[in-house]
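Here's my_file-v8.txt, which has compact mmCIF, C-alpha atoms (C1' of nucleotides):
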```
# COMPACT_ATOMS: atom_id res chain seq x y z
CA MET A 2 -10.55 44.81 -14.30
CA THR A 3 -8.98 41.44 -13.79
CA GLU A 4 -10.63 41.01 -10.42
CA ASP A 5 -13.96 39.30 -10.35
CA THR A 6 -13.99 38.72 -6.61
CA ALA A 7 -14.00 42.44 -5.96
CA ASP A 8 -11.74 42.11 -2.94
CA GLY A 9 -8.57 43.50 -4.43
CA GLY A 10 -6.85 40.14 -4.34
CA GLN A 11 -7.24 39.60 -0.62
CA CYS A 12 -9.08 36.33 -1.10
CA PRO A 13 -6.80 33.72 -2.65
CA THR A 14 -8.51 31.72 -5.36
CA PRO A 15 -8.19 27.93 -5.43
CA GLU A 16 -6.27 28.28 -8.69
CA ARG A 17 -3.42 29.99 -6.89
CA PHE A 18 -2.91 27.01 -4.65
CA THR A 19 -3.33 24.58 -7.52
CA GLN A 20 -0.68 26.47 -9.41
CA ALA A 21 1.68 26.57 -6.44
CA ARG A 22 1.27 22.80 -6.07
CA ALA A 23 2.04 22.28 -9.75
CA ALA A 24 5.18 24.39 -9.44
CA GLN A 25 6.24 22.33 -6.45
CA SER A 26 5.89 19.07 -8.34
CA MET A 27 8.41 20.39 -10.87
CA ALA A 28 10.87 21.56 -8.23
CA VAL A 29 12.61 18.26 -7.60
CA LEU A 30 12.98 17.57 -11.32
CA GLU A 31 14.50 21.01 -11.79
CA ASP A 32 16.93 20.67 -8.93
CA TYR A 33 18.17 17.28 -10.07
CA ALA A 34 18.47 18.35 -13.69
CA GLU A 35 20.57 21.32 -12.70
CA MET A 36 22.71 19.23 -10.39
CA ILE A 37 23.35 16.61 -13.05
CA ASP A 38 24.33 19.38 -15.42
CA ASP A 39 26.71 20.82 -12.81
CA LEU A 40 28.36 17.45 -12.26
CA ALA A 41 28.62 16.76 -15.97
CA GLN A 42 30.50 20.00 -16.43
CA GLU A 43 32.75 19.45 -13.44
CA LEU A 44 33.45 15.74 -13.65
CA GLY A 45 32.39 14.75 -17.13
CA GLU A 46 29.49 12.67 -15.85
CA ALA A 47 27.03 12.57 -12.98
CA ARG A 48 27.29 9.53 -10.75
CA ILE A 49 24.43 8.55 -8.45
CA THR A 50 26.66 8.83 -5.40
CA ASP A 51 27.72 12.37 -6.27
CA ILE A 52 24.18 13.44 -7.06
CA ALA A 53 22.97 12.07 -3.73
CA ALA A 54 25.77 13.71 -1.78
CA ARG A 55 25.17 17.12 -3.29
CA MET A 56 21.42 16.95 -2.93
CA GLY A 57 21.78 15.96 0.68
CA VAL A 58 19.87 12.68 0.30
CA THR A 59 20.72 8.99 0.40
CA HIS A 60 21.53 7.23 -2.85
CA PRO A 61 18.28 5.26 -3.13
CA THR A 62 16.48 8.59 -3.03
CA ALA A 63 18.70 9.90 -5.81
CA THR A 64 18.08 6.72 -7.81
CA LYS A 65 14.34 7.26 -7.55
CA ALA A 66 14.66 10.86 -8.63
CA VAL A 67 16.75 9.85 -11.62
CA ALA A 68 14.16 7.21 -12.48
CA ARG A 69 11.56 9.95 -12.58
CA LEU A 70 13.80 12.15 -14.74
CA LYS A 71 14.19 9.23 -17.16
CA ARG A 72 10.46 8.62 -17.19
CA GLU A 73 9.92 12.29 -18.05
CA GLY A 74 12.46 12.09 -20.87
CA LEU A 75 14.89 14.46 -19.17
CA ALA A 76 17.75 12.03 -18.58
CA VAL A 77 19.18 8.70 -19.69
CA SER A 78 21.38 6.17 -17.93
CA ARG A 79 22.43 2.53 -17.99
CA PRO A 80 22.83 0.36 -14.90
CA TYR A 81 25.97 1.04 -12.89
CA ARG A 82 26.84 3.92 -15.18
CA GLY A 83 26.58 7.69 -15.02
CA VAL A 84 23.46 9.76 -15.64
CA PHE A 85 23.24 12.07 -18.61
CA LEU A 86 20.70 14.72 -19.51
CA THR A 87 18.79 14.57 -22.75
CA GLU A 88 18.57 17.65 -24.91
CA GLN A 89 15.31 18.45 -23.17
CA GLY A 90 16.87 17.91 -19.76
CA ALA A 91 19.83 20.12 -20.61
CA ALA A 92 17.46 22.84 -21.78
CA LEU A 93 15.58 22.63 -18.49
CA ALA A 94 18.83 22.81 -16.54
CA ALA A 95 19.87 25.89 -18.49
CA ARG A 96 16.55 27.62 -17.80
CA VAL A 97 16.74 26.73 -14.13
CA ARG A 98 20.29 27.99 -13.77
CA MET A 99 19.46 31.25 -15.48
CA ARG A 100 16.39 31.75 -13.34
CA HIS A 101 18.35 30.95 -10.20
CA ARG A 102 20.95 33.56 -11.07
CA VAL A 103 18.34 36.22 -11.73
CA VAL A 104 16.55 35.48 -8.47
CA VAL A 105 19.77 35.71 -6.48
CA ASP A 106 20.72 38.94 -8.22
CA LEU A 107 17.29 40.42 -7.53
CA LEU A 108 17.45 39.50 -3.87
CA VAL A 109 20.90 41.02 -3.54
CA ALA A 110 19.74 44.10 -5.40
CA VAL A 111 17.00 44.75 -2.86
CA GLY A 112 19.38 44.29 0.03
CA VAL A 113 19.45 40.60 0.91
CA PRO A 114 22.92 39.35 1.95
CA GLN A 115 24.57 37.20 -0.70
CA GLU A 116 24.65 34.01 1.35
CA THR A 117 21.02 34.36 2.44
CA ALA A 118 20.06 35.09 -1.15
CA GLU A 119 21.69 31.86 -2.29
CA ILE A 120 19.89 29.83 0.35
CA ASP A 121 16.46 31.36 -0.12
CA ALA A 122 16.73 31.28 -3.90
CA GLU A 123 16.95 27.51 -3.75
CA GLY A 124 13.35 27.39 -2.60
CA LEU A 125 12.06 30.55 -4.26
CA GLU A 126 13.21 29.95 -7.81
CA HIS A 127 10.70 27.23 -8.52
CA HIS A 128 7.81 29.59 -7.95
CA VAL A 129 8.97 32.49 -10.07
CA SER A 130 6.78 32.74 -13.18
CA ASP A 131 8.03 33.93 -16.54
CA VAL A 132 6.28 37.25 -16.07
CA THR A 133 7.93 37.80 -12.70
CA LEU A 134 11.30 36.71 -14.08
CA LYS A 135 11.01 39.25 -16.88
CA ALA A 136 10.16 41.93 -14.34
CA PHE A 137 13.22 40.99 -12.28
CA GLU A 138 15.46 41.26 -15.33
CA THR A 139 14.03 44.63 -16.24
CA PHE A 140 14.47 45.86 -12.70
CA LEU A 141 18.08 44.69 -12.63
CA ALA A 142 18.82 46.31 -15.97
CA ARG A 143 17.42 49.67 -14.87
CA ARG A 144 19.40 50.33 -11.74
CA MET B 3 34.85 35.01 4.18
CA THR B 4 31.73 32.93 4.61
CA GLU B 5 32.63 30.77 1.64
CA ASP B 6 34.59 27.65 2.31
CA THR B 7 33.97 26.08 -1.06
CA ALA B 8 35.79 28.91 -2.80
CA ASP B 9 33.37 28.97 -5.70
CA GLY B 10 31.53 32.15 -4.87
CA GLY B 11 28.33 30.28 -4.10
CA GLN B 12 28.06 28.60 -7.47
CA CYS B 13 27.98 25.14 -5.95
CA PRO B 14 24.85 24.62 -3.87
CA THR B 15 25.51 22.88 -0.60
CA PRO B 16 23.33 19.96 0.50
CA GLU B 17 22.11 22.13 3.38
CA ARG B 18 20.40 24.48 0.96
CA PHE B 19 18.27 21.68 -0.40
CA THR B 20 17.61 20.28 3.03
CA GLN B 21 16.45 23.71 4.12
CA ALA B 22 14.25 24.17 1.07
CA ARG B 23 12.63 20.79 1.80
CA ALA B 24 12.01 21.78 5.41
CA ALA B 25 10.37 25.02 4.30
CA GLN B 26 8.18 23.06 1.95
CA SER B 27 6.94 20.77 4.71
CA MET B 28 5.68 23.83 6.57
CA ALA B 29 3.97 25.29 3.50
CA VAL B 30 0.76 23.32 3.71
CA LEU B 31 0.37 24.01 7.41
CA GLU B 32 0.85 27.70 6.78
CA ASP B 33 -1.61 27.85 3.93
CA TYR B 34 -4.33 26.05 5.84
CA ALA B 35 -3.76 28.08 9.00
CA GLU B 36 -4.12 31.31 7.06
CA MET B 37 -7.18 30.05 5.24
CA ILE B 38 -8.89 28.97 8.46
CA ASP B 39 -8.15 32.38 9.89
CA ASP B 40 -9.64 34.04 6.79
CA LEU B 41 -12.81 31.99 7.06
CA ALA B 42 -13.11 32.59 10.79
CA GLN B 43 -13.04 36.33 10.18
CA GLU B 44 -15.47 36.21 7.28
CA LEU B 45 -17.93 33.59 8.44
CA GLY B 46 -17.27 33.18 12.14
CA GLU B 47 -15.93 29.67 11.71
CA ALA B 48 -14.10 27.53 9.19
CA ARG B 49 -16.04 24.56 7.88
CA ILE B 50 -14.26 21.69 6.16
CA THR B 51 -16.27 22.21 2.99
CA ASP B 52 -15.30 25.88 2.78
CA ILE B 53 -11.66 25.17 3.51
CA ALA B 54 -11.57 22.50 0.81
CA ALA B 55 -13.29 24.73 -1.74
CA ARG B 56 -10.92 27.62 -1.18
CA MET B 57 -7.81 25.46 -1.17
CA GLY B 58 -8.91 23.81 -4.40
CA VAL B 59 -8.95 20.29 -2.96
CA THR B 60 -11.58 17.69 -2.09
CA HIS B 61 -12.90 17.58 1.44
CA PRO B 62 -11.07 14.40 2.51
CA THR B 63 -7.83 16.17 1.63
CA ALA B 64 -8.86 19.14 3.74
CA THR B 65 -9.80 16.79 6.57
CA LYS B 66 -6.34 15.24 6.49
CA ALA B 67 -4.69 18.65 6.52
CA VAL B 68 -6.79 19.72 9.49
CA ALA B 69 -5.84 16.49 11.25
CA ARG B 70 -2.21 17.43 10.82
CA LEU B 71 -2.86 20.96 12.09
CA LYS B 72 -4.51 19.45 15.17
CA ARG B 73 -1.61 17.08 15.67
CA GLU B 74 0.77 20.01 15.55
CA GLY B 75 -1.31 21.91 18.08
CA LEU B 76 -2.30 24.61 15.63
CA ALA B 77 -6.04 23.91 15.47
CA VAL B 78 -8.87 22.24 17.33
CA SER B 79 -12.18 20.81 16.16
CA ARG B 80 -14.94 18.43 17.13
CA PRO B 81 -16.62 15.98 14.74
CA TYR B 82 -19.09 17.58 12.33
CA ARG B 83 -18.20 21.01 13.65
CA GLY B 84 -16.06 23.89 12.51
CA VAL B 85 -12.30 24.15 12.81
CA PHE B 86 -10.71 26.75 15.05
CA LEU B 87 -7.12 27.87 15.37
CA THR B 88 -5.33 27.67 18.68
CA GLU B 89 -3.44 30.69 19.91
CA GLN B 90 -0.34 29.20 18.32
CA GLY B 91 -2.20 28.59 15.07
CA ALA B 92 -3.53 32.14 15.01
CA ALA B 93 -0.03 33.48 15.59
CA LEU B 94 1.23 31.42 12.66
CA ALA B 95 -1.61 32.68 10.47
CA ALA B 96 -0.76 36.26 11.39
CA ARG B 97 2.90 35.79 10.52
CA VAL B 98 2.02 34.13 7.26
CA ARG B 99 -0.40 36.86 6.26
CA MET B 100 2.10 39.58 7.07
CA ARG B 101 4.83 37.81 5.13
CA HIS B 102 2.51 37.30 2.18
CA ARG B 103 1.68 40.98 2.08
CA VAL B 104 5.34 42.00 2.20
CA VAL B 105 6.23 39.57 -0.58
CA VAL B 106 3.44 40.87 -2.79
CA ASP B 107 4.43 44.46 -2.09
CA LEU B 108 8.06 43.72 -2.88
CA LEU B 109 7.16 42.04 -6.15
CA VAL B 110 4.95 44.95 -7.16
CA ALA B 111 7.69 47.38 -6.13
CA VAL B 112 10.18 45.81 -8.53
CA GLY B 113 7.64 45.87 -11.36
CA VAL B 114 5.64 42.65 -11.20
CA PRO B 115 1.97 43.11 -12.13
CA GLN B 116 -0.35 42.92 -9.12
CA GLU B 117 -2.22 39.81 -10.22
CA THR B 118 0.99 37.94 -11.06
CA ALA B 119 2.47 39.03 -7.76
CA GLU B 120 -0.49 37.54 -5.90
CA ILE B 121 -0.19 34.23 -7.73
CA ASP B 122 3.58 33.87 -7.43
CA ALA B 123 3.59 34.98 -3.80
CA GLU B 124 1.46 31.98 -2.92
CA GLY B 125 4.39 29.73 -3.72
CA LEU B 126 7.23 32.10 -2.90
CA GLU B 127 6.22 33.18 0.57
CA HIS B 128 7.03 29.88 2.21
CA HIS B 129 10.67 30.17 1.22
CA VAL B 130 11.34 33.71 2.38
CA SER B 131 13.58 33.64 5.44
CA ASP B 132 13.37 36.19 8.23
CA VAL B 133 16.53 37.86 7.02
CA THR B 134 15.13 38.23 3.52
CA LEU B 135 11.80 39.43 4.86
CA LYS B 136 13.55 42.13 6.87
CA ALA B 137 15.47 43.18 3.77
CA PHE B 138 12.21 43.40 1.83
CA GLU B 139 10.66 45.61 4.50
CA THR B 140 13.68 47.88 4.55
CA PHE B 141 13.65 48.13 0.79
CA LEU B 142 9.96 49.00 0.76
CA ALA B 143 10.38 51.62 3.47
CA ARG B 144 13.23 53.35 1.64
CA ARG B 145 11.58 54.05 -1.68
C1' DA C 15 -41.37 14.57 12.56
C1' DC C 16 -39.35 13.02 8.86
C1' DA C 17 -37.36 12.80 4.25
C1' DG C 18 -34.03 14.43 1.32
C1' DA C 19 -30.05 17.38 0.88
C1' DA C 20 -25.77 18.79 2.47
C1' DA C 21 -21.75 18.25 5.22
C1' DT C 22 -18.46 15.40 7.43
C1' DG C 23 -16.08 11.22 8.42
C1' DT C 24 -13.59 7.10 6.94
C1' DA C 25 -11.49 3.59 4.11
C1' DG C 26 -8.48 2.67 0.68
C1' DC C 27 -5.85 3.76 -3.54
C1' DC C 28 -1.92 6.25 -5.79
C1' DA C 29 2.55 8.83 -6.50
C1' DA C 30 6.31 11.24 -4.55
C1' DG C 31 10.12 11.65 -1.83
C1' DG C 32 12.32 10.52 2.29
C1' DC C 33 14.69 6.41 4.85
C1' DT C 34 17.32 1.61 6.13
C1' DA C 35 18.90 -2.78 4.99
C1' DT C 36 20.54 -5.99 1.84
C1' DA C 37 22.18 -7.73 -2.64
C1' DA C 38 24.76 -7.30 -6.71
C1' DA C 39 28.01 -5.20 -9.77
C1' DT C 40 32.12 -2.58 -10.67
C1' DC C 41 36.61 -1.00 -9.62
C1' DA C 42 41.31 -0.97 -7.73
C1' DA C 43 45.13 -3.20 -5.64
C1' DG C 44 48.11 -6.55 -4.55
C1' DC D 15 43.09 -12.93 -10.99
C1' DT D 16 41.18 -12.55 -6.88
C1' DT D 17 39.83 -10.05 -3.04
C1' DG D 18 38.06 -6.18 -0.62
C1' DA D 19 36.24 -1.54 -1.08
C1' DT D 20 33.12 1.24 -3.42
C1' DT D 21 29.18 2.02 -6.06
C1' DT D 22 24.69 0.96 -7.64
C1' DA D 23 20.39 -1.47 -7.47
C1' DT D 24 16.41 -3.20 -5.11
C1' DA D 25 13.07 -4.19 -1.69
C1' DG D 26 10.31 -2.51 1.72
C1' DC D 27 8.69 0.94 5.03
C1' DC D 28 7.01 5.69 6.39
C1' DT D 29 4.66 10.22 5.71
C1' DT D 30 2.37 13.48 2.98
C1' DG D 31 -1.01 15.10 0.06
C1' DG D 32 -3.79 14.14 -3.69
C1' DC D 33 -8.06 11.27 -5.14
C1' DT D 34 -12.80 8.29 -5.25
C1' DA D 35 -16.30 5.77 -3.05
C1' DC D 36 -19.14 5.05 0.59
C1' DA D 37 -21.05 5.62 5.42
C1' DT D 38 -22.76 8.62 8.72
C1' DT D 39 -24.32 12.76 10.73
C1' DT D 40 -26.39 17.19 10.62
C1' DC D 41 -29.35 20.45 8.69
C1' DT D 42 -33.60 22.03 6.27
C1' DG D 43 -38.05 22.38 4.58
C1' DT D 44 -42.57 20.67 4.31
```

Written as structure tokens, that's how I'd like the structure from this file.
Amino acid sequence: MTEDTADGGQCPTPERFTQARAAQSMAVLEDYAEMIDDLAQELGEARITDIAARMGVTHPTATKAVARLKREGLAVSRPYRGVFLTEQGAALAARVRMRHRVVVDLLVAVGVPQETAEIDAEGLEHHVSDVTLKAFETFLARR
Amino acid sequence: MTEDTADGGQCPTPERFTQARAAQSMAVLEDYAEMIDDLAQELGEARITDIAARMGVTHPTATKAVARLKREGLAVSRPYRGVFLTEQGAALAARVRMRHRVVVDLLVAVGVPQETAEIDAEGLEHHVSDVTLKAFETFLARR
DNA sequence: ACAGAAATGTAGCCAAGGCTATAAATCAAG
DNA sequence: CTTGATTTATAGCCTTGGCTACATTTCTGT
């Protein structure tokens, strides 16, 4: 028995919300890391302007996000130059991209239209735990 | 062809992020509305202290959230008294609860352990569009 | 009825993630 | 090489959602 509230999971515990909030605080970092990785592959480097345009924000917002990435050791950059991911940042981007792909595939597999799957996955992916991701992969492999 | 970027959906559009951010701004409202509804059913009314405890936050944080609910016309309350959902708030709570249940069921159906499904659903549910929700229901009905 | 406990309100701080406006640096032509 | 366009930085503001600390109100038990 993993339930100690004896309600079959109907009463959300505070921890669930705490966990969801923690996941959310990672979401922006993940999105930017992936985007920087995308741009690096496509254009050789990620410029603030391009990052901002693709994220749908203004450039000061992108600058702030990059500042946070740098603080967290996920990216490096010099003034008026492009942004580059650290090894750690690149690893995060790789994990995020993989997870995104699995989530989209799972959604499509259960009948969600491709375009809707892509849109929803952008929000969903940050809340998919490792256990759930594994389950998705297993499900996809079995059909 | 719904794709105008000709990359098969590999390049996220700014709109996707904008949409994900919009969904996120509704998340707190949804969680609190559902929680207030839970407490109203269980205890007859939702007190700030109980809301805070269940959401895993301090009471001033809960007070602020309730203030926002009131501003949005989803709840009403008088000083030092319980919080009650408006008709609109109750409708939101009902939708949220239904969506939560479907998401959990879908996760379990594809092989996610019940407890993990409950935890992940808390974050996931806010990003499930109507189209995706419909697809989930259809998938669940077919098996 | 009143004192202490519990609940609620309020003020003020912080970080994050938006924004606009303005300044400074870089780049690209002519 | 200089000028104008583009890019980047910076300052400052807003909202949200956390928090602590403190004031006030309500509730409870003797």

What does the distance between atom CA of B:Phe86 and atom C1' of C:DA25 come to in Å, to one decimal place? 25.6 Å

Tell me, as a ChimeraX atom specification, which residues lie within 8 Å of C:DT22, counting all atoms listed in the file; anything in the same chain fewer than 4 positions away does not count. /B:50,81-82 /D:39

Please identify all polymer residues within 7 Å of stretch 106-119 of chain B, counting all atoms listed in the file, omitting same-chain residues fewer than 5 positions from it, and present them as a list in words.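 These residues fall inside the cut-off: Thr133, Ala136, Phe137 and Phe140 of chain A; Phe138 and Leu142 of chain B.
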
I need the contact residues of chain B against chain C, so if you could list those with any atom within 12 Å, counting only C-alpha atoms (C1' of nucleotides), and return them as a ChimeraX atom specification, that would help. /B:20,23-24,27,49-52,54,60-66,69,80-85

Output as a list in words the set of chain D residues within 12 Å of chain B, with distances taken over only C-alpha atoms (C1' of nucleotides).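 Here is what falls inside 12 Å: DT29, DT30, DG31, DG32, DC33, DT34, DA35, DT38, DT39, DT40 and DC41 of chain D.
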
Nearby residues (only C-alpha atoms (C1' of nucleotides)) at most 12 Å from A:Met27, same-chain spacing under 3 positions excluded, as a list in words: Gln20, Ala21, Arg22, Ala23, Ala24, Leu30, Glu31, Asp32, Tyr33, Ala34, Ala66, Arg69, Leu70, Glu73, Leu93, Val97, Gly124, Glu126, His127 and His128 of chain A; DA30 of chain C

Grab all the atoms of stretch 16-30 of chain D that the file lists, wrap them in a box along x, y and z, add 6 Å per side, and give me centre plus edge lengths in Å (one decimal) as AutoDock Vina command-line options.
```
--center_x 21.8 --center_y 0.5 --center_z -0.6 --size_x 50.8 --size_y 38.0 --size_z 26.0
```

Quick one: pull the distance between atom CA of A:Glu138 and atom CA of B:Leu126, Å, one decimal.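 Result for atom CA of A:Glu138 versus atom CA of B:Leu126: 17.5 Å, one decimal.
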